[in-house]
Each structure stands twice: as C-alpha cells, then as structure tokens.
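Shown next: work-v2.txt, given as compact mmCIF, N, CA and C atoms.
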# COMPACT_ATOMS: atom_id res chain seq x y z
N MET A 12 3.96 6.55 24.16
CA MET A 12 3.84 7.99 24.12
C MET A 12 4.94 8.59 23.25
N PHE A 13 6.14 8.03 23.31
CA PHE A 13 7.26 8.53 22.52
C PHE A 13 6.94 8.42 21.02
N LYS A 14 6.31 7.30 20.62
CA LYS A 14 5.98 7.10 19.21
C LYS A 14 4.99 8.17 18.73
N ILE A 15 4.05 8.55 19.58
CA ILE A 15 3.06 9.56 19.21
C ILE A 15 3.75 10.91 19.03
N ILE A 16 4.68 11.23 19.92
CA ILE A 16 5.41 12.50 19.83
C ILE A 16 6.23 12.54 18.55
N VAL A 17 6.91 11.44 18.22
CA VAL A 17 7.70 11.39 16.99
C VAL A 17 6.80 11.53 15.78
N LEU A 18 5.65 10.85 15.78
CA LEU A 18 4.72 10.94 14.65
C LEU A 18 4.24 12.37 14.47
N VAL A 19 3.85 13.04 15.54
CA VAL A 19 3.38 14.43 15.46
C VAL A 19 4.49 15.33 14.95
N ALA A 20 5.73 15.12 15.42
CA ALA A 20 6.85 15.93 14.95
C ALA A 20 7.09 15.73 13.46
N CYS A 21 7.02 14.50 12.99
CA CYS A 21 7.20 14.21 11.55
C CYS A 21 6.12 14.89 10.73
N LEU A 22 4.87 14.82 11.19
CA LEU A 22 3.78 15.47 10.47
C LEU A 22 3.97 16.98 10.42
N ALA A 23 4.46 17.56 11.50
CA ALA A 23 4.72 19.00 11.53
C ALA A 23 5.80 19.39 10.54
N VAL A 24 6.85 18.58 10.43
CA VAL A 24 7.92 18.84 9.47
C VAL A 24 7.39 18.77 8.05
N VAL A 25 6.60 17.75 7.75
CA VAL A 25 6.04 17.61 6.40
C VAL A 25 5.12 18.78 6.09
N ALA A 26 4.27 19.15 7.02
CA ALA A 26 3.35 20.27 6.78
C ALA A 26 4.11 21.57 6.57
N SER A 27 5.14 21.82 7.37
CA SER A 27 5.90 23.06 7.21
C SER A 27 6.71 23.04 5.93
N ALA A 28 7.20 21.88 5.50
CA ALA A 28 7.95 21.79 4.24
C ALA A 28 7.05 22.12 3.07
N GLN A 29 5.80 21.67 3.11
CA GLN A 29 4.87 21.99 2.03
C GLN A 29 4.54 23.48 2.04
N TYR A 30 4.45 24.08 3.22
CA TYR A 30 4.10 25.50 3.32
C TYR A 30 5.25 26.39 2.88
N TYR A 31 6.45 26.10 3.34
CA TYR A 31 7.60 26.94 3.04
C TYR A 31 8.32 26.57 1.77
N GLY A 32 8.16 25.33 1.30
CA GLY A 32 8.93 24.87 0.16
C GLY A 32 8.50 25.44 -1.17
N GLY A 33 7.29 25.97 -1.28
CA GLY A 33 6.80 26.43 -2.57
C GLY A 33 7.33 27.78 -2.99
N ASP A 34 7.80 28.62 -2.08
CA ASP A 34 8.24 29.96 -2.42
C ASP A 34 9.60 30.21 -1.81
N TYR A 35 10.64 30.21 -2.63
CA TYR A 35 12.00 30.41 -2.15
C TYR A 35 12.53 31.70 -2.75
N ALA A 36 12.85 32.65 -1.91
CA ALA A 36 13.41 33.94 -2.32
C ALA A 36 12.52 34.63 -3.36
N GLY A 37 11.22 34.53 -3.17
CA GLY A 37 10.31 35.23 -4.07
C GLY A 37 10.04 34.53 -5.38
N HIS A 38 10.64 33.37 -5.63
CA HIS A 38 10.43 32.64 -6.87
C HIS A 38 9.52 31.45 -6.60
N HIS A 39 8.55 31.27 -7.47
CA HIS A 39 7.64 30.13 -7.33
C HIS A 39 7.71 29.30 -8.60
N GLU A 40 8.02 28.02 -8.45
CA GLU A 40 8.06 27.13 -9.59
C GLU A 40 6.85 26.21 -9.55
N ASP A 41 6.17 26.09 -10.66
CA ASP A 41 5.02 25.20 -10.76
C ASP A 41 5.50 23.82 -11.15
N HIS A 42 5.39 22.85 -10.25
CA HIS A 42 5.85 21.49 -10.50
C HIS A 42 4.72 20.58 -10.95
N HIS A 43 3.60 21.17 -11.32
CA HIS A 43 2.46 20.39 -11.78
C HIS A 43 2.80 19.73 -13.11
N ASN A 44 2.54 18.45 -13.21
CA ASN A 44 2.77 17.71 -14.45
C ASN A 44 1.42 17.47 -15.10
N ALA A 45 1.24 17.99 -16.30
CA ALA A 45 -0.04 17.86 -16.98
C ALA A 45 -0.34 16.42 -17.38
N HIS A 46 0.69 15.59 -17.52
CA HIS A 46 0.49 14.18 -17.88
C HIS A 46 1.42 13.32 -17.01
N PRO A 47 1.02 13.07 -15.74
CA PRO A 47 1.89 12.28 -14.87
C PRO A 47 2.06 10.85 -15.38
N LYS A 48 3.26 10.33 -15.24
CA LYS A 48 3.55 8.98 -15.70
C LYS A 48 4.59 8.38 -14.74
N TYR A 49 4.28 7.20 -14.20
CA TYR A 49 5.24 6.53 -13.32
C TYR A 49 4.94 5.05 -13.27
N LYS A 50 5.92 4.30 -12.74
CA LYS A 50 5.79 2.87 -12.46
C LYS A 50 6.56 2.60 -11.17
N PHE A 51 6.02 1.75 -10.32
CA PHE A 51 6.78 1.29 -9.15
C PHE A 51 6.36 -0.12 -8.80
N GLU A 52 7.22 -0.79 -8.06
CA GLU A 52 6.91 -2.11 -7.52
C GLU A 52 7.81 -2.39 -6.33
N TYR A 53 7.32 -3.22 -5.44
CA TYR A 53 8.13 -3.67 -4.30
C TYR A 53 7.58 -4.99 -3.79
N GLY A 54 8.36 -5.64 -2.98
CA GLY A 54 7.93 -6.90 -2.38
C GLY A 54 8.68 -7.17 -1.10
N VAL A 55 8.04 -7.89 -0.20
CA VAL A 55 8.64 -8.30 1.07
C VAL A 55 8.36 -9.78 1.25
N LYS A 56 9.38 -10.54 1.59
CA LYS A 56 9.20 -11.95 1.90
C LYS A 56 10.13 -12.27 3.08
N ASP A 57 9.60 -12.11 4.27
CA ASP A 57 10.37 -12.28 5.50
C ASP A 57 10.05 -13.65 6.09
N GLY A 58 11.00 -14.57 6.03
CA GLY A 58 10.79 -15.92 6.54
C GLY A 58 10.65 -15.98 8.05
N HIS A 59 11.21 -15.01 8.75
CA HIS A 59 11.15 -14.99 10.21
C HIS A 59 9.76 -14.58 10.70
N THR A 60 9.23 -13.49 10.14
CA THR A 60 7.93 -12.98 10.59
C THR A 60 6.77 -13.47 9.74
N HIS A 61 7.08 -14.14 8.63
CA HIS A 61 6.08 -14.61 7.66
C HIS A 61 5.31 -13.44 7.03
N ASP A 62 5.95 -12.28 6.98
CA ASP A 62 5.38 -11.11 6.32
C ASP A 62 5.66 -11.23 4.84
N HIS A 63 4.64 -11.56 4.06
CA HIS A 63 4.77 -11.72 2.61
C HIS A 63 3.77 -10.79 1.94
N LYS A 64 4.29 -9.84 1.16
CA LYS A 64 3.42 -8.92 0.45
C LYS A 64 4.15 -8.36 -0.75
N SER A 65 3.40 -7.86 -1.71
CA SER A 65 3.99 -7.23 -2.88
C SER A 65 3.00 -6.22 -3.43
N ALA A 66 3.52 -5.30 -4.24
CA ALA A 66 2.66 -4.30 -4.88
C ALA A 66 3.35 -3.76 -6.11
N TRP A 67 2.55 -3.38 -7.09
CA TRP A 67 3.03 -2.65 -8.25
C TRP A 67 1.93 -1.72 -8.72
N GLU A 68 2.34 -0.64 -9.38
CA GLU A 68 1.38 0.29 -9.92
C GLU A 68 1.99 1.02 -11.10
N HIS A 69 1.17 1.28 -12.12
CA HIS A 69 1.57 2.03 -13.30
C HIS A 69 0.56 3.16 -13.48
N ARG A 70 1.07 4.33 -13.80
CA ARG A 70 0.18 5.46 -14.11
C ARG A 70 0.62 6.09 -15.41
N ASP A 71 -0.36 6.39 -16.26
CA ASP A 71 -0.11 7.10 -17.50
C ASP A 71 -1.24 8.10 -17.66
N GLY A 72 -0.99 9.33 -17.28
CA GLY A 72 -2.04 10.36 -17.30
C GLY A 72 -3.08 10.08 -16.26
N ASP A 73 -4.34 10.00 -16.69
CA ASP A 73 -5.45 9.74 -15.76
C ASP A 73 -5.71 8.26 -15.52
N HIS A 74 -4.96 7.39 -16.17
CA HIS A 74 -5.18 5.95 -16.06
C HIS A 74 -4.16 5.33 -15.10
N VAL A 75 -4.68 4.67 -14.07
CA VAL A 75 -3.84 3.99 -13.07
C VAL A 75 -4.25 2.52 -13.05
N LYS A 76 -3.26 1.64 -12.99
CA LYS A 76 -3.52 0.21 -12.89
C LYS A 76 -2.50 -0.37 -11.91
N GLY A 77 -2.94 -1.30 -11.06
CA GLY A 77 -2.02 -1.87 -10.10
C GLY A 77 -2.54 -3.14 -9.46
N GLN A 78 -1.69 -3.67 -8.58
CA GLN A 78 -2.03 -4.89 -7.85
C GLN A 78 -1.25 -4.90 -6.55
N TYR A 79 -1.89 -5.39 -5.49
CA TYR A 79 -1.14 -5.70 -4.28
C TYR A 79 -1.59 -7.06 -3.77
N THR A 80 -0.66 -7.74 -3.12
CA THR A 80 -0.93 -9.07 -2.56
C THR A 80 -0.41 -9.10 -1.13
N LEU A 81 -1.02 -9.94 -0.32
CA LEU A 81 -0.50 -10.15 1.04
C LEU A 81 -1.03 -11.46 1.58
N ASP A 82 -0.26 -12.04 2.49
CA ASP A 82 -0.68 -13.24 3.21
C ASP A 82 -1.39 -12.81 4.48
N GLU A 83 -2.62 -13.26 4.63
CA GLU A 83 -3.43 -12.91 5.80
C GLU A 83 -3.04 -13.78 6.99
N ALA A 84 -3.40 -13.34 8.18
CA ALA A 84 -3.10 -14.08 9.40
C ALA A 84 -3.82 -15.43 9.45
N ASP A 85 -4.95 -15.54 8.75
CA ASP A 85 -5.71 -16.79 8.77
C ASP A 85 -5.20 -17.82 7.76
N GLY A 86 -4.10 -17.50 7.05
CA GLY A 86 -3.50 -18.44 6.11
C GLY A 86 -3.93 -18.25 4.66
N THR A 87 -4.87 -17.35 4.41
CA THR A 87 -5.28 -17.08 3.04
C THR A 87 -4.35 -16.06 2.39
N HIS A 88 -4.43 -15.98 1.08
CA HIS A 88 -3.61 -15.05 0.29
C HIS A 88 -4.57 -14.09 -0.41
N ARG A 89 -4.43 -12.79 -0.15
CA ARG A 89 -5.31 -11.80 -0.77
C ARG A 89 -4.61 -11.17 -1.98
N VAL A 90 -5.33 -11.07 -3.09
CA VAL A 90 -4.83 -10.42 -4.30
C VAL A 90 -5.85 -9.36 -4.69
N VAL A 91 -5.39 -8.12 -4.80
CA VAL A 91 -6.27 -7.02 -5.20
C VAL A 91 -5.72 -6.40 -6.48
N ASP A 92 -6.46 -6.56 -7.57
CA ASP A 92 -6.16 -5.88 -8.83
C ASP A 92 -7.06 -4.66 -8.90
N TYR A 93 -6.51 -3.53 -9.30
CA TYR A 93 -7.33 -2.32 -9.36
C TYR A 93 -6.96 -1.46 -10.56
N SER A 94 -7.90 -0.62 -10.93
CA SER A 94 -7.67 0.37 -11.96
C SER A 94 -8.46 1.61 -11.58
N SER A 95 -8.06 2.73 -12.15
CA SER A 95 -8.75 3.97 -11.87
C SER A 95 -8.57 4.92 -13.06
N ASP A 96 -9.63 5.62 -13.38
CA ASP A 96 -9.54 6.67 -14.39
C ASP A 96 -10.63 7.69 -14.11
N HIS A 97 -10.65 8.75 -14.90
CA HIS A 97 -11.59 9.84 -14.63
C HIS A 97 -13.04 9.45 -14.92
N LYS A 98 -13.28 8.43 -15.71
CA LYS A 98 -14.65 8.03 -16.04
C LYS A 98 -15.21 7.03 -15.03
N GLY A 99 -14.45 5.95 -14.75
CA GLY A 99 -14.96 4.87 -13.90
C GLY A 99 -14.58 4.97 -12.45
N GLY A 100 -13.68 5.88 -12.11
CA GLY A 100 -13.22 5.98 -10.72
C GLY A 100 -12.37 4.77 -10.35
N PHE A 101 -12.30 4.49 -9.06
CA PHE A 101 -11.50 3.38 -8.54
C PHE A 101 -12.29 2.08 -8.67
N GLN A 102 -11.70 1.08 -9.33
CA GLN A 102 -12.37 -0.21 -9.56
C GLN A 102 -11.49 -1.35 -9.04
N PRO A 103 -11.73 -1.83 -7.81
CA PRO A 103 -10.93 -2.95 -7.29
C PRO A 103 -11.57 -4.30 -7.60
N HIS A 104 -10.73 -5.31 -7.73
CA HIS A 104 -11.18 -6.71 -7.86
C HIS A 104 -10.40 -7.50 -6.81
N VAL A 105 -11.09 -7.97 -5.78
CA VAL A 105 -10.45 -8.62 -4.64
C VAL A 105 -10.65 -10.13 -4.71
N GLN A 106 -9.56 -10.88 -4.54
CA GLN A 106 -9.63 -12.34 -4.50
C GLN A 106 -8.97 -12.83 -3.22
N ARG A 107 -9.55 -13.86 -2.63
CA ARG A 107 -8.92 -14.56 -1.50
C ARG A 107 -8.66 -15.97 -1.96
N LYS A 108 -7.41 -16.40 -1.83
CA LYS A 108 -7.03 -17.74 -2.25
C LYS A 108 -6.66 -18.56 -1.02
N GLY A 109 -7.01 -19.83 -1.06
CA GLY A 109 -6.71 -20.72 0.06
C GLY A 109 -7.88 -20.83 1.01
N HIS A 110 -7.67 -21.58 2.08
CA HIS A 110 -8.71 -21.82 3.07
C HIS A 110 -8.30 -21.17 4.38
N ALA A 111 -9.23 -20.46 4.98
CA ALA A 111 -8.97 -19.78 6.25
C ALA A 111 -8.88 -20.80 7.38
N HIS A 112 -7.92 -20.60 8.26
CA HIS A 112 -7.74 -21.43 9.45
C HIS A 112 -7.86 -20.51 10.66
N HIS A 113 -8.93 -20.70 11.41
CA HIS A 113 -9.19 -19.84 12.56
C HIS A 113 -8.84 -20.57 13.85
N PRO A 114 -8.34 -19.83 14.83
CA PRO A 114 -7.98 -20.47 16.10
C PRO A 114 -9.23 -20.91 16.87
N HIS A 115 -9.04 -21.88 17.73
CA HIS A 115 -10.11 -22.30 18.63
C HIS A 115 -10.28 -21.22 19.69
N HIS A 116 -11.37 -21.26 20.40
CA HIS A 116 -11.65 -20.26 21.42
C HIS A 116 -10.46 -20.12 22.38
N GLY A 117 -9.96 -18.90 22.52
CA GLY A 117 -8.86 -18.63 23.44
C GLY A 117 -7.47 -18.87 22.87
N GLU A 118 -7.38 -19.41 21.64
CA GLU A 118 -6.09 -19.69 21.02
C GLU A 118 -5.67 -18.50 20.15
N SER A 119 -4.38 -18.31 20.00
CA SER A 119 -3.85 -17.21 19.21
C SER A 119 -3.60 -17.64 17.77
N TYR A 120 -3.67 -16.69 16.83
CA TYR A 120 -3.31 -16.97 15.44
C TYR A 120 -1.85 -17.41 15.34
N ALA A 121 -1.02 -16.99 16.28
CA ALA A 121 0.40 -17.34 16.26
C ALA A 121 0.60 -18.85 16.41
N ASN A 122 -0.37 -19.56 16.96
CA ASN A 122 -0.24 -21.00 17.20
C ASN A 122 -0.80 -21.83 16.05
N ILE A 123 -1.38 -21.20 15.05
CA ILE A 123 -1.95 -21.93 13.91
C ILE A 123 -0.85 -22.23 12.91
N GLU A 124 -0.83 -23.44 12.38
CA GLU A 124 0.16 -23.81 11.37
C GLU A 124 -0.13 -23.01 10.10
N GLN A 125 0.84 -22.24 9.66
CA GLN A 125 0.70 -21.43 8.45
C GLN A 125 1.08 -22.27 7.24
N HIS A 126 0.43 -22.03 6.14
CA HIS A 126 0.67 -22.78 4.90
C HIS A 126 1.35 -21.85 3.89
N TYR A 127 2.66 -21.73 4.01
CA TYR A 127 3.41 -20.84 3.12
C TYR A 127 4.11 -21.62 2.06
Would you mind giving the structure from this file in structure tokens?
Amino acid sequence: MFKIIVLVACLAVVASAQYYGGDYAGHHEDHHNAHPKYKFEYGVKDGHTHDHKSAWEHRDGDHVKGQYTLDEADGTHRVVDYSSDHKGGFQPHVQRKGHAHHPHHGESYANIEQHY
C-alpha cells in the first residue's frame, strides 16, 4: 500500500510541475525543438540477480533508430532492433537467441540452470 501511495504522490508532483512550470511570472517560453536530436545508451549486468539488459537509441528529427536486449527467465536472449519515422511508423525486428528451458510442473524458474 505504501508503494501505491508513493507512486500516486510522484505522479501528482509530475502533473503539477507540467501545469505550473510553463508559465512563470507571466512569461512563457516555448521549449519546442523543431528538429530534436539525441543519443543515449545504458546497460545492466548484475551477476547476483542475473539481470542483463542494454539499450541504445538515436534520434535525428523524425527518424529514430534503436535496440534493446535482455536475458529472459527461460534462458533465451531477446534482441529488438527498431526504427521509426513519419512515413513507416514504428518498425520492430524481434529476435530470440538460444533455447528456452522451462521448469517441470510445479518447479520454479529460479531452479533452472541459467546459461549466461
């Protein structure tokens, strides 16, 4: 219940910041960028939890290209390459690498030998 209350409070702060942040002392600044351009990337490789994932994305105007990867609970590795623009919309290409290992009836994924 505490987590839900904190989440609702955070959403309220974000919503109020967007409402009040645009007009300060009667001045309004237009922060719209006619040609947005950015790049980002990150990765996580936690040996304790076996949380392995990465992502990158580049944007130049209306053209976006990126990739994210993650290790699934069944032992496979998912790779999603995507692009997006005003003509073709969002175009993902999803690959699963490796062989899935599923638990026997009543067994947990935590007990399956992971192939990292």
Selected residue of minimal separation from Asp96 in chain A among A:Val75, A:Ala84, A:Lys108, A:Glu52, counting only N, CA and C atoms: A:Val75
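Counting from atom C of His46 in chain A, the distance to atom N of Asp71 in chain A is 7.2 Å.
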Distance criterion (only C-alpha atoms): nearest to Gly86 in chain A out of A:His74, A:His116, A:His69, A:Arg107: A:Arg107
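Considering all atoms listed in the file, the residue among A:His112, A:Arg70, A:His63, A:Lys98 positioned nearest to Asp85 in chain A is A:His112.
You will find atom C of Ala45 in chain A at 16.6 Å from atom N of Ser95 in chain A.
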With all atoms listed in the file as the counted atoms, please give the residues lying no more than 6.5 Å from Thr80 in chain A, apart from itself and same-chain residues fewer than 5 positions off, as a short mmCIF file (atom, residue, chain, number, x, y, z; two decimals) with N, CA and C atoms, in the coordinates of the input.
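Output (result.cif):
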data_model
loop_
_atom_site.label_atom_id
_atom_site.label_comp_id
_atom_site.auth_asym_id
_atom_site.auth_seq_id
_atom_site.Cartn_x
_atom_site.Cartn_y
_atom_site.Cartn_z
N HIS A 63 4.64 -11.56 4.06
CA HIS A 63 4.77 -11.72 2.61
C HIS A 63 3.77 -10.79 1.94
N LYS A 64 4.29 -9.84 1.16
CA LYS A 64 3.42 -8.92 0.45
C LYS A 64 4.15 -8.36 -0.75
N SER A 65 3.40 -7.86 -1.71
CA SER A 65 3.99 -7.23 -2.88
C SER A 65 3.00 -6.22 -3.43
N ALA A 66 3.52 -5.30 -4.24
CA ALA A 66 2.66 -4.30 -4.88
C ALA A 66 3.35 -3.76 -6.11
N ARG A 89 -4.43 -12.79 -0.15
CA ARG A 89 -5.31 -11.80 -0.77
C ARG A 89 -4.61 -11.17 -1.98
N VAL A 90 -5.33 -11.07 -3.09
CA VAL A 90 -4.83 -10.42 -4.30
C VAL A 90 -5.85 -9.36 -4.69
N VAL A 91 -5.39 -8.12 -4.80
CA VAL A 91 -6.27 -7.02 -5.20
C VAL A 91 -5.72 -6.40 -6.48
#
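Relative to CA of Asp82 in chain A, CA of Gly100 in chain A is found at 26.8 Å.
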6 Å contact set for Gln102 in chain A, only N, CA and C atoms, chain neighbours under 6 positions out, as a PyMOL selection string: chain A and resi 92-95
Among listed residues A:Val105, A:Leu81, A:His97, A:Pro114, nearest Asp57 in chain A (using only C-alpha atoms): A:Leu81
Restore N, CA, C and O atoms in range 85-103 of chain A and list the result as a short mmCIF file (atom, residue, chain, number, x, y, z; two decimals), in the coordinates of the input.
data_model
loop_
_atom_site.label_atom_id
_atom_site.label_comp_id
_atom_site.auth_asym_id
_atom_site.auth_seq_id
_atom_site.Cartn_x
_atom_site.Cartn_y
_atom_site.Cartn_z
N ASP A 85 -4.95 -15.54 8.75
CA ASP A 85 -5.71 -16.79 8.77
C ASP A 85 -5.20 -17.82 7.76
O ASP A 85 -5.78 -18.88 7.59
N GLY A 86 -4.10 -17.50 7.05
CA GLY A 86 -3.50 -18.44 6.11
C GLY A 86 -3.93 -18.25 4.66
O GLY A 86 -3.41 -18.91 3.78
N THR A 87 -4.87 -17.35 4.41
CA THR A 87 -5.28 -17.08 3.04
C THR A 87 -4.35 -16.06 2.39
O THR A 87 -3.58 -15.37 3.07
N HIS A 88 -4.43 -15.98 1.08
CA HIS A 88 -3.61 -15.05 0.29
C HIS A 88 -4.57 -14.09 -0.41
O HIS A 88 -5.46 -14.52 -1.13
N ARG A 89 -4.43 -12.79 -0.15
CA ARG A 89 -5.31 -11.80 -0.77
C ARG A 89 -4.61 -11.17 -1.98
O ARG A 89 -3.45 -10.77 -1.90
N VAL A 90 -5.33 -11.07 -3.09
CA VAL A 90 -4.83 -10.42 -4.30
C VAL A 90 -5.85 -9.36 -4.69
O VAL A 90 -7.03 -9.66 -4.87
N VAL A 91 -5.39 -8.12 -4.80
CA VAL A 91 -6.27 -7.02 -5.20
C VAL A 91 -5.72 -6.40 -6.48
O VAL A 91 -4.63 -5.85 -6.48
N ASP A 92 -6.46 -6.56 -7.57
CA ASP A 92 -6.16 -5.88 -8.83
C ASP A 92 -7.06 -4.66 -8.90
O ASP A 92 -8.24 -4.74 -8.57
N TYR A 93 -6.51 -3.53 -9.30
CA TYR A 93 -7.33 -2.32 -9.36
C TYR A 93 -6.96 -1.46 -10.56
O TYR A 93 -5.87 -1.58 -11.13
N SER A 94 -7.90 -0.62 -10.93
CA SER A 94 -7.67 0.37 -11.96
C SER A 94 -8.46 1.61 -11.58
O SER A 94 -9.40 1.55 -10.78
N SER A 95 -8.06 2.73 -12.15
CA SER A 95 -8.75 3.97 -11.87
C SER A 95 -8.57 4.92 -13.06
O SER A 95 -7.49 4.97 -13.65
N ASP A 96 -9.63 5.62 -13.38
CA ASP A 96 -9.54 6.67 -14.39
C ASP A 96 -10.63 7.69 -14.11
O ASP A 96 -11.41 7.54 -13.17
N HIS A 97 -10.65 8.75 -14.90
CA HIS A 97 -11.59 9.84 -14.63
C HIS A 97 -13.04 9.45 -14.92
O HIS A 97 -13.96 10.08 -14.41
N LYS A 98 -13.28 8.43 -15.71
CA LYS A 98 -14.65 8.03 -16.04
C LYS A 98 -15.21 7.03 -15.03
O LYS A 98 -16.30 7.19 -14.51
N GLY A 99 -14.45 5.95 -14.75
CA GLY A 99 -14.96 4.87 -13.90
C GLY A 99 -14.58 4.97 -12.45
O GLY A 99 -15.08 4.21 -11.62
N GLY A 100 -13.68 5.88 -12.11
CA GLY A 100 -13.22 5.98 -10.72
C GLY A 100 -12.37 4.77 -10.35
O GLY A 100 -11.81 4.09 -11.20
N PHE A 101 -12.30 4.49 -9.06
CA PHE A 101 -11.50 3.38 -8.54
C PHE A 101 -12.29 2.08 -8.67
O PHE A 101 -13.41 1.98 -8.18
N GLN A 102 -11.70 1.08 -9.33
CA GLN A 102 -12.37 -0.21 -9.56
C GLN A 102 -11.49 -1.35 -9.04
O GLN A 102 -10.57 -1.79 -9.73
N PRO A 103 -11.73 -1.83 -7.81
CA PRO A 103 -10.93 -2.95 -7.29
C PRO A 103 -11.57 -4.30 -7.60
O PRO A 103 -12.78 -4.42 -7.71
#
